[in-house]
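A short write-up of the structure that comes next.
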Amino acid sequence: MEKKLPTIEIIEKYCKGCHICVEFCPTKVLEMQGFVAAVKNLDACIKCMQCELRCPDFAIKVTA
Amino acid sequence: MAFDYDKYIRPGKLPHIWCPGCGHGIVMKGLIRAIDALGFEKNNTAIVSGIGCASRLPGYMDCCTLHTAHGRAAAFATGVKMAKPEMNVICVGGDGDGTAIGGNHFIHACRRNINITYIIMNNKIYGMTGGQFSPATPTGAKASTTPYGNPDPPFDIAKLAIGAGATFVARGTAYHATQIDKLIVEAIQHKGFSVVEILDDCPTTYGRRNKYKSVIEMMNELKDIAVPVKAAEKMTPEQLKGKVLTGVLYKEEKPEYTAEYAKVIERAKGAAK
Ligand SMILES: Cc1ncc(C[n+]2csc(CCOP(=O)(O)OP(=O)(O)O)c2C)c(N)n1
Ligand code: SF4
Ligand code: SF4
Ligand code: SF4
């Protein structure tokens, strides 16, 4: 069965580039692209929501 | 679905003014999830603050809000609660606002056991004004006013609240985001004065001066020092050195102030007859 991937939306105009989401993602889904966070490897996402919970800037929305 | 924070934020208010990596935004998100979980009406929920970066929080919230004078959140909140005891009243603010200039208001609100929840974002410094030391700055730490290291011992804010008579006291951290809303929900559901201390980070005025390489190092420290109360029961004093307890630290049932005051009003009415 094909696994259903989540959608990760990064609102670039809110992101302040703190690296928190990138650093603490347990499966290294995210990376910094210049000053903002970006999705690098969506396949690896385990939908733990930690990036959304910890982003201080309301800049990530994960829809499982 | 992703959680809909926008429902509780005043339109057009984001991005907020807090610095990159400042934990205040993480705490605000926890508070929003708590208000949502409790199903509170925005029109029946008052969020009250003093002055400081942390105290900017109510400005973003689409609830009834009061941004008052430095240190006076507890006093204004007491006024709101006395006038409208049915209203949900939540104070928010920093360690400086709540335990330095506002220390007196804070301890007496604790003593009265009025049904208000006070969320104190403890980043160990006066962030807004450029990093002066606060009563929560650790001994030896550098602040703009203690360039050679702080000689003062800090307050343990949770202990201060318990000592002053608060009937529910909990502690979390900005790193442990999942726990923040749960602690706030429990605090709000408690009948009496409840305090939730969130160990927070100020990378701009505390982190830089105290040689943290980045906000990640500050977050990792919060991760490492936190020990849940249950886990601490099985640890030796040696193992607990340098750690801080998190979770619900104290809880007791005691007469609540607005209910007691209503009785005073009844007695006064009787005496006037
Ligand atoms: C009566 C008065 N005194 C001093 C100030 C200056 N002042 C503004 S914010 C602040 C400290 C805020 O620190 P804290 O509450 O820890 O919040 P943070 O900015 O760290 O979030 C001070 C001293 C003021 N606004 N009013
Ligand atoms: S939901 Fe969890 S696994 Fe997925 S990107 Fe966010 S932190 Fe990483
Ligand atoms: S945590 Fe939020 S603000 Fe920080 S880099 Fe990630 S998306 Fe940007
Ligand atoms: S100065 Fe410190 S407390 Fe104020 S917004 Fe910046 S990081 Fe946060």
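Chain lettering (A, B, ...) mirrors the order of the structure tokens, residue numbering begins at 1 for each chain separately, and ligand numbering begins at 1 in order of display.
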Q. Can you tell me which residues sit at most 6 Å away from ligand 1, counting only C-alpha atoms and all ligand atoms, written as a ChimeraX atom specification?
A. /B:51-54,70,93-97,123,125-129
How about saving the chosen residues, C-alpha atoms kept, as a compact mmCIF listing (two decimals), in the first residue's frame?
# COMPACT_ATOMS: atom_id res chain seq x y z
CA ILE B 51 5.13 45.55 29.82
CA GLY B 52 7.96 43.68 28.11
CA CYS B 53 8.48 41.50 25.06
CA ALA B 54 6.45 38.70 26.69
CA HIS B 70 4.81 47.48 33.88
CA GLY B 93 4.25 38.29 31.10
CA GLY B 94 7.97 37.99 31.69
CA ASP B 95 10.12 37.25 34.71
CA GLY B 96 11.09 40.92 34.98
CA ASP B 97 7.56 42.21 34.75
CA ASN B 123 13.81 34.00 29.88
CA ILE B 125 16.44 38.66 31.56
CA TYR B 126 14.78 41.99 30.67
CA GLY B 127 14.65 41.33 26.93
CA MET B 128 12.76 44.40 25.76
CA THR B 129 15.05 46.99 27.25
At a cut-off of 8 Å and counting only C-alpha atoms and all ligand atoms, what residues surround ligand 2? Please answer as a list of chain:residue names.
A:Pro6, A:Ile8, A:Cys21, A:Val22, A:Phe24, A:Cys25, A:Pro26, A:Thr27, A:Lys28, A:Val29, A:Leu30, A:Val39, A:Leu42, A:Ala44, A:Cys45, A:Ile46, A:Lys47, A:Cys48, A:Met49, A:Gln50, A:Cys51, A:Glu52, A:Val62
Chain A contacts to chain B at 7 Å (only C-alpha atoms) as a PyMOL selection string:
chain A and resi 14+16-18+20+53-57+61-64
Residues just named, written with N, CA, C and O atoms as an mmCIF file, in the first residue's frame:
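As a result, out_11.cif now contains:
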data_model
loop_
_atom_site.group_PDB
_atom_site.id
_atom_site.type_symbol
_atom_site.label_atom_id
_atom_site.label_comp_id
_atom_site.auth_asym_id
_atom_site.auth_seq_id
_atom_site.Cartn_x
_atom_site.Cartn_y
_atom_site.Cartn_z
ATOM 1 N N TYR A 14 6.437 34.653 7.091
ATOM 2 C CA TYR A 14 6.471 34.590 8.567
ATOM 3 C C TYR A 14 7.790 34.015 9.083
ATOM 4 O O TYR A 14 8.186 34.258 10.220
ATOM 5 N N LYS A 16 11.393 33.348 10.225
ATOM 6 C CA LYS A 16 12.510 34.233 10.564
ATOM 7 C C LYS A 16 13.839 33.503 10.537
ATOM 8 O O LYS A 16 14.855 34.010 11.027
ATOM 9 N N GLY A 17 13.835 32.294 10.050
ATOM 10 C CA GLY A 17 15.096 31.577 9.847
ATOM 11 C C GLY A 17 15.814 31.158 11.108
ATOM 12 O O GLY A 17 17.042 31.127 11.140
ATOM 13 N N CYS A 18 15.073 30.770 12.147
ATOM 14 C CA CYS A 18 15.720 30.440 13.422
ATOM 15 C C CYS A 18 16.365 29.059 13.439
ATOM 16 O O CYS A 18 17.112 28.737 14.343
ATOM 17 N N ILE A 20 15.025 26.242 14.215
ATOM 18 C CA ILE A 20 14.490 25.313 15.231
ATOM 19 C C ILE A 20 13.828 24.104 14.569
ATOM 20 O O ILE A 20 14.085 22.959 14.944
ATOM 21 N N LEU A 53 4.609 22.586 16.115
ATOM 22 C CA LEU A 53 4.453 23.002 17.512
ATOM 23 C C LEU A 53 5.549 23.965 17.952
ATOM 24 O O LEU A 53 5.305 24.896 18.709
ATOM 25 N N ARG A 54 6.780 23.725 17.489
ATOM 26 C CA ARG A 54 7.915 24.508 17.994
ATOM 27 C C ARG A 54 8.215 25.758 17.182
ATOM 28 O O ARG A 54 8.976 26.609 17.640
ATOM 29 N N CYS A 55 7.669 25.889 16.006
ATOM 30 C CA CYS A 55 7.991 27.089 15.232
ATOM 31 C C CYS A 55 7.442 28.306 15.981
ATOM 32 O O CYS A 55 6.244 28.434 16.157
ATOM 33 N N PRO A 56 8.314 29.219 16.431
ATOM 34 C CA PRO A 56 7.835 30.359 17.218
ATOM 35 C C PRO A 56 7.047 31.352 16.372
ATOM 36 O O PRO A 56 6.402 32.242 16.898
ATOM 37 N N ASP A 57 7.116 31.193 15.055
ATOM 38 C CA ASP A 57 6.589 32.218 14.155
ATOM 39 C C ASP A 57 5.347 31.832 13.362
ATOM 40 O O ASP A 57 5.009 32.515 12.399
ATOM 41 N N LYS A 61 2.770 24.707 8.727
ATOM 42 C CA LYS A 61 1.512 23.971 8.921
ATOM 43 C C LYS A 61 1.682 22.574 8.332
ATOM 44 O O LYS A 61 1.974 22.435 7.148
ATOM 45 N N VAL A 62 1.513 21.567 9.197
ATOM 46 C CA VAL A 62 1.604 20.184 8.739
ATOM 47 C C VAL A 62 0.181 19.604 8.705
ATOM 48 O O VAL A 62 -0.521 19.635 9.714
ATOM 49 N N THR A 63 -0.231 19.123 7.543
ATOM 50 C CA THR A 63 -1.534 18.477 7.455
ATOM 51 C C THR A 63 -1.305 17.003 7.171
ATOM 52 O O THR A 63 -0.787 16.650 6.113
ATOM 53 N N ALA A 64 -1.641 16.182 8.152
ATOM 54 C CA ALA A 64 -1.346 14.747 8.019
ATOM 55 C C ALA A 64 -2.337 14.072 7.065
ATOM 56 O O ALA A 64 -3.443 14.514 6.908
#
DSSP says strand (DSSP E) for which residues of range 44-226 of chain B? Put them as a PyMOL selection string? chain B and resi 45-49+64-67+88-94+117-122+125-126+132-133+168-173+194-199+226
For those residues, write N, CA, C and O atoms to a file as a short mmCIF file (atom, residue, chain, number, x, y, z; two decimals), in the first residue's frame.
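File written: again21.cif
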data_model
loop_
_atom_site.label_atom_id
_atom_site.label_comp_id
_atom_site.auth_asym_id
_atom_site.auth_seq_id
_atom_site.Cartn_x
_atom_site.Cartn_y
_atom_site.Cartn_z
N THR B 45 -13.15 35.77 27.52
CA THR B 45 -11.78 35.43 27.90
C THR B 45 -10.92 36.69 27.88
O THR B 45 -10.81 37.34 26.83
N ALA B 46 -10.35 37.04 29.03
CA ALA B 46 -9.52 38.23 29.12
C ALA B 46 -8.06 37.83 29.27
O ALA B 46 -7.72 36.99 30.11
N ILE B 47 -7.21 38.41 28.44
CA ILE B 47 -5.76 38.15 28.55
C ILE B 47 -5.11 39.47 28.92
O ILE B 47 -5.28 40.49 28.24
N VAL B 48 -4.39 39.44 30.04
CA VAL B 48 -3.91 40.68 30.65
C VAL B 48 -2.40 40.63 30.81
O VAL B 48 -1.85 39.62 31.25
N SER B 49 -1.72 41.71 30.45
CA SER B 49 -0.26 41.72 30.61
C SER B 49 0.22 43.06 31.14
O SER B 49 -0.53 44.04 31.16
N CYS B 64 -10.58 39.37 24.67
CA CYS B 64 -10.61 40.64 25.39
C CYS B 64 -9.21 40.82 25.96
O CYS B 64 -8.72 39.93 26.65
N THR B 65 -8.55 41.91 25.66
CA THR B 65 -7.16 42.01 26.11
C THR B 65 -6.87 43.35 26.80
O THR B 65 -7.48 44.37 26.49
N LEU B 66 -5.94 43.29 27.73
CA LEU B 66 -5.48 44.49 28.44
C LEU B 66 -3.96 44.47 28.46
O LEU B 66 -3.35 43.53 28.96
N HIS B 67 -3.35 45.50 27.92
CA HIS B 67 -1.89 45.66 27.97
C HIS B 67 -1.68 46.83 28.91
O HIS B 67 -1.97 47.97 28.56
N ASN B 88 -13.13 34.20 32.06
CA ASN B 88 -11.85 33.50 32.15
C ASN B 88 -10.75 34.55 32.09
O ASN B 88 -10.65 35.26 31.09
N VAL B 89 -9.94 34.64 33.13
CA VAL B 89 -8.92 35.69 33.16
C VAL B 89 -7.53 35.05 33.21
O VAL B 89 -7.23 34.23 34.08
N ILE B 90 -6.70 35.43 32.25
CA ILE B 90 -5.36 34.86 32.11
C ILE B 90 -4.35 36.01 32.06
O ILE B 90 -4.49 36.93 31.27
N CYS B 91 -3.35 35.94 32.94
CA CYS B 91 -2.26 36.93 32.91
C CYS B 91 -1.08 36.32 32.16
O CYS B 91 -0.80 35.14 32.32
N VAL B 92 -0.38 37.14 31.40
CA VAL B 92 0.85 36.67 30.76
C VAL B 92 1.93 37.74 30.95
O VAL B 92 1.62 38.93 31.06
N GLY B 93 3.18 37.31 31.00
CA GLY B 93 4.25 38.29 31.10
C GLY B 93 5.60 37.64 31.36
O GLY B 93 5.70 36.42 31.45
N GLY B 94 6.60 38.48 31.50
CA GLY B 94 7.97 37.99 31.69
C GLY B 94 8.36 37.89 33.15
O GLY B 94 7.61 38.26 34.05
N THR B 117 -5.28 32.53 36.04
CA THR B 117 -4.08 31.77 35.67
C THR B 117 -3.00 32.75 35.20
O THR B 117 -3.28 33.63 34.40
N TYR B 118 -1.81 32.61 35.77
CA TYR B 118 -0.71 33.52 35.44
C TYR B 118 0.38 32.72 34.71
O TYR B 118 0.97 31.81 35.29
N ILE B 119 0.61 33.06 33.44
CA ILE B 119 1.65 32.37 32.67
C ILE B 119 2.88 33.27 32.65
O ILE B 119 2.84 34.40 32.16
N ILE B 120 3.96 32.78 33.22
CA ILE B 120 5.16 33.61 33.33
C ILE B 120 6.25 33.04 32.42
O ILE B 120 6.65 31.89 32.56
N MET B 121 6.65 33.84 31.43
CA MET B 121 7.65 33.41 30.47
C MET B 121 9.01 33.82 31.00
O MET B 121 9.40 34.99 30.92
N ASN B 122 9.72 32.84 31.57
CA ASN B 122 10.97 33.14 32.26
C ASN B 122 12.17 32.95 31.34
O ASN B 122 12.69 31.84 31.20
N ILE B 125 15.85 37.36 31.93
CA ILE B 125 16.44 38.66 31.56
C ILE B 125 15.34 39.67 31.22
O ILE B 125 14.21 39.27 30.98
N TYR B 126 15.68 40.96 31.23
CA TYR B 126 14.78 41.99 30.67
C TYR B 126 15.10 42.07 29.18
O TYR B 126 16.02 42.79 28.77
N GLN B 132 18.97 43.90 30.78
CA GLN B 132 19.35 44.11 32.18
C GLN B 132 19.03 42.85 32.98
O GLN B 132 18.14 42.08 32.60
N PHE B 133 19.71 42.61 34.09
CA PHE B 133 19.42 41.40 34.86
C PHE B 133 18.07 41.51 35.54
O PHE B 133 17.61 42.61 35.87
N PHE B 168 -2.06 26.20 42.59
CA PHE B 168 -1.66 25.30 41.50
C PHE B 168 -0.41 25.90 40.87
O PHE B 168 -0.42 27.06 40.44
N VAL B 169 0.66 25.13 40.82
CA VAL B 169 1.90 25.64 40.23
C VAL B 169 2.51 24.56 39.32
O VAL B 169 2.69 23.42 39.74
N ALA B 170 2.79 24.97 38.08
CA ALA B 170 3.37 24.02 37.12
C ALA B 170 4.54 24.69 36.42
O ALA B 170 4.67 25.92 36.42
N ARG B 171 5.39 23.84 35.81
CA ARG B 171 6.52 24.39 35.07
C ARG B 171 6.74 23.59 33.78
O ARG B 171 6.63 22.36 33.79
N GLY B 172 6.99 24.31 32.72
CA GLY B 172 7.31 23.67 31.44
C GLY B 172 8.46 24.42 30.80
O GLY B 172 9.08 25.29 31.43
N THR B 173 8.77 24.09 29.57
CA THR B 173 9.81 24.82 28.85
C THR B 173 9.35 25.09 27.41
O THR B 173 8.47 24.40 26.90
N SER B 194 -3.53 30.05 39.78
CA SER B 194 -2.62 29.05 39.22
C SER B 194 -1.49 29.75 38.46
O SER B 194 -1.70 30.75 37.79
N VAL B 195 -0.31 29.19 38.60
CA VAL B 195 0.88 29.77 37.96
C VAL B 195 1.50 28.71 37.05
O VAL B 195 1.71 27.57 37.47
N VAL B 196 1.79 29.10 35.82
CA VAL B 196 2.53 28.21 34.91
C VAL B 196 3.80 28.96 34.50
O VAL B 196 3.74 29.98 33.82
N GLU B 197 4.93 28.47 35.00
CA GLU B 197 6.20 29.07 34.63
C GLU B 197 6.74 28.32 33.40
O GLU B 197 6.87 27.10 33.45
N ILE B 198 7.01 29.05 32.34
CA ILE B 198 7.62 28.41 31.17
C ILE B 198 9.05 28.91 31.03
O ILE B 198 9.29 30.11 30.85
N LEU B 199 10.01 28.00 31.17
CA LEU B 199 11.41 28.37 30.97
C LEU B 199 11.59 28.65 29.49
O LEU B 199 11.29 27.82 28.65
N ALA B 226 15.48 19.81 31.93
CA ALA B 226 14.13 19.50 32.40
C ALA B 226 14.00 18.04 32.82
O ALA B 226 14.36 17.13 32.09
#
*asked:* Nearest residue to ligand 4 out of B:Ala75, B:Leu57, B:Ala272, B:Ala83, using only C-alpha atoms and all ligand atoms?
replied: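 Selected residue with least distance to ligand 4: B:Leu57.
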(Q) Using Å and a single decimal, report how far CA of Ala143 in chain B sits from CA of Ala109 in chain B. (A)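 Value for the CA of Ala109 in chain B-CA of Ala143 in chain B distance: 29.0 Å.
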Using only C-alpha atoms, which residues sit within 8 Å of range 34-42 of chain B once same-chain residues fewer than 6 positions away are excluded, as an mmCIF file with N, CA, C and O atoms, in the first residue's frame?
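What follows is the written file selection20.cif:
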data_model
loop_
_atom_site.group_PDB
_atom_site.id
_atom_site.type_symbol
_atom_site.label_atom_id
_atom_site.label_comp_id
_atom_site.auth_asym_id
_atom_site.auth_seq_id
_atom_site.Cartn_x
_atom_site.Cartn_y
_atom_site.Cartn_z
ATOM 1 N N ASP B 62 -7.019 37.588 19.573
ATOM 2 C CA ASP B 62 -8.354 38.081 19.276
ATOM 3 C C ASP B 62 -9.312 37.693 20.408
ATOM 4 O O ASP B 62 -10.244 36.929 20.220
ATOM 5 N N CYS B 63 -9.021 38.215 21.607
ATOM 6 C CA CYS B 63 -9.852 37.965 22.783
ATOM 7 C C CYS B 63 -10.081 39.337 23.426
ATOM 8 O O CYS B 63 -9.793 40.351 22.815
ATOM 9 N N CYS B 64 -10.579 39.373 24.666
ATOM 10 C CA CYS B 64 -10.614 40.639 25.391
ATOM 11 C C CYS B 64 -9.208 40.819 25.963
ATOM 12 O O CYS B 64 -8.723 39.929 26.653
ATOM 13 N N ASN B 88 -13.135 34.204 32.064
ATOM 14 C CA ASN B 88 -11.853 33.500 32.152
ATOM 15 C C ASN B 88 -10.748 34.549 32.090
ATOM 16 O O ASN B 88 -10.645 35.264 31.095
ATOM 17 N N ASP B 181 0.411 23.462 26.309
ATOM 18 C CA ASP B 181 -1.046 23.614 26.350
ATOM 19 C C ASP B 181 -1.668 22.739 27.429
ATOM 20 O O ASP B 181 -2.638 23.130 28.078
ATOM 21 N N LYS B 182 -1.096 21.555 27.653
ATOM 22 C CA LYS B 182 -1.673 20.650 28.658
ATOM 23 C C LYS B 182 -1.555 21.259 30.053
ATOM 24 O O LYS B 182 -2.487 21.215 30.857
ATOM 25 N N ILE B 184 -1.304 24.450 30.738
ATOM 26 C CA ILE B 184 -2.171 25.629 30.817
ATOM 27 C C ILE B 184 -3.635 25.210 31.012
ATOM 28 O O ILE B 184 -4.350 25.796 31.830
ATOM 29 N N VAL B 185 -4.054 24.175 30.314
ATOM 30 C CA VAL B 185 -5.433 23.682 30.484
ATOM 31 C C VAL B 185 -5.663 23.284 31.947
ATOM 32 O O VAL B 185 -6.644 23.691 32.571
#
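Nearest to Ile60 in chain A of all the residues A:Lys4, A:Asp43, A:Ala38, A:Met32 is A:Ala38, based on only C-alpha atoms.
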Practice prompt. For CA of Glu256 in chain B and CA of Lys191 in chain B, determine how far apart the two atoms are, in Å to one decimal place.
Written response: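 Going from CA of Glu256 in chain B over to CA of Lys191 in chain B covers 6.8 Å.
The two atoms in question, CA of Asp152 in chain B and CA of Lys124 in chain B, are spaced 12.5 Å apart.
Closest to ligand 4 among B:Asn104, B:Thr145, B:Asn150, B:Thr204 is B:Thr204, based on only C-alpha atoms and all ligand atoms.
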- Query: So which residues of range 17-60 of chain A fall under helix (DSSP H, G or I) by DSSP, listed as JSON, numbers by chain?
  - Reply: {"A": [20, 21, 22, 23, 24, 42, 43, 44, 50, 51, 52, 53, 54]}
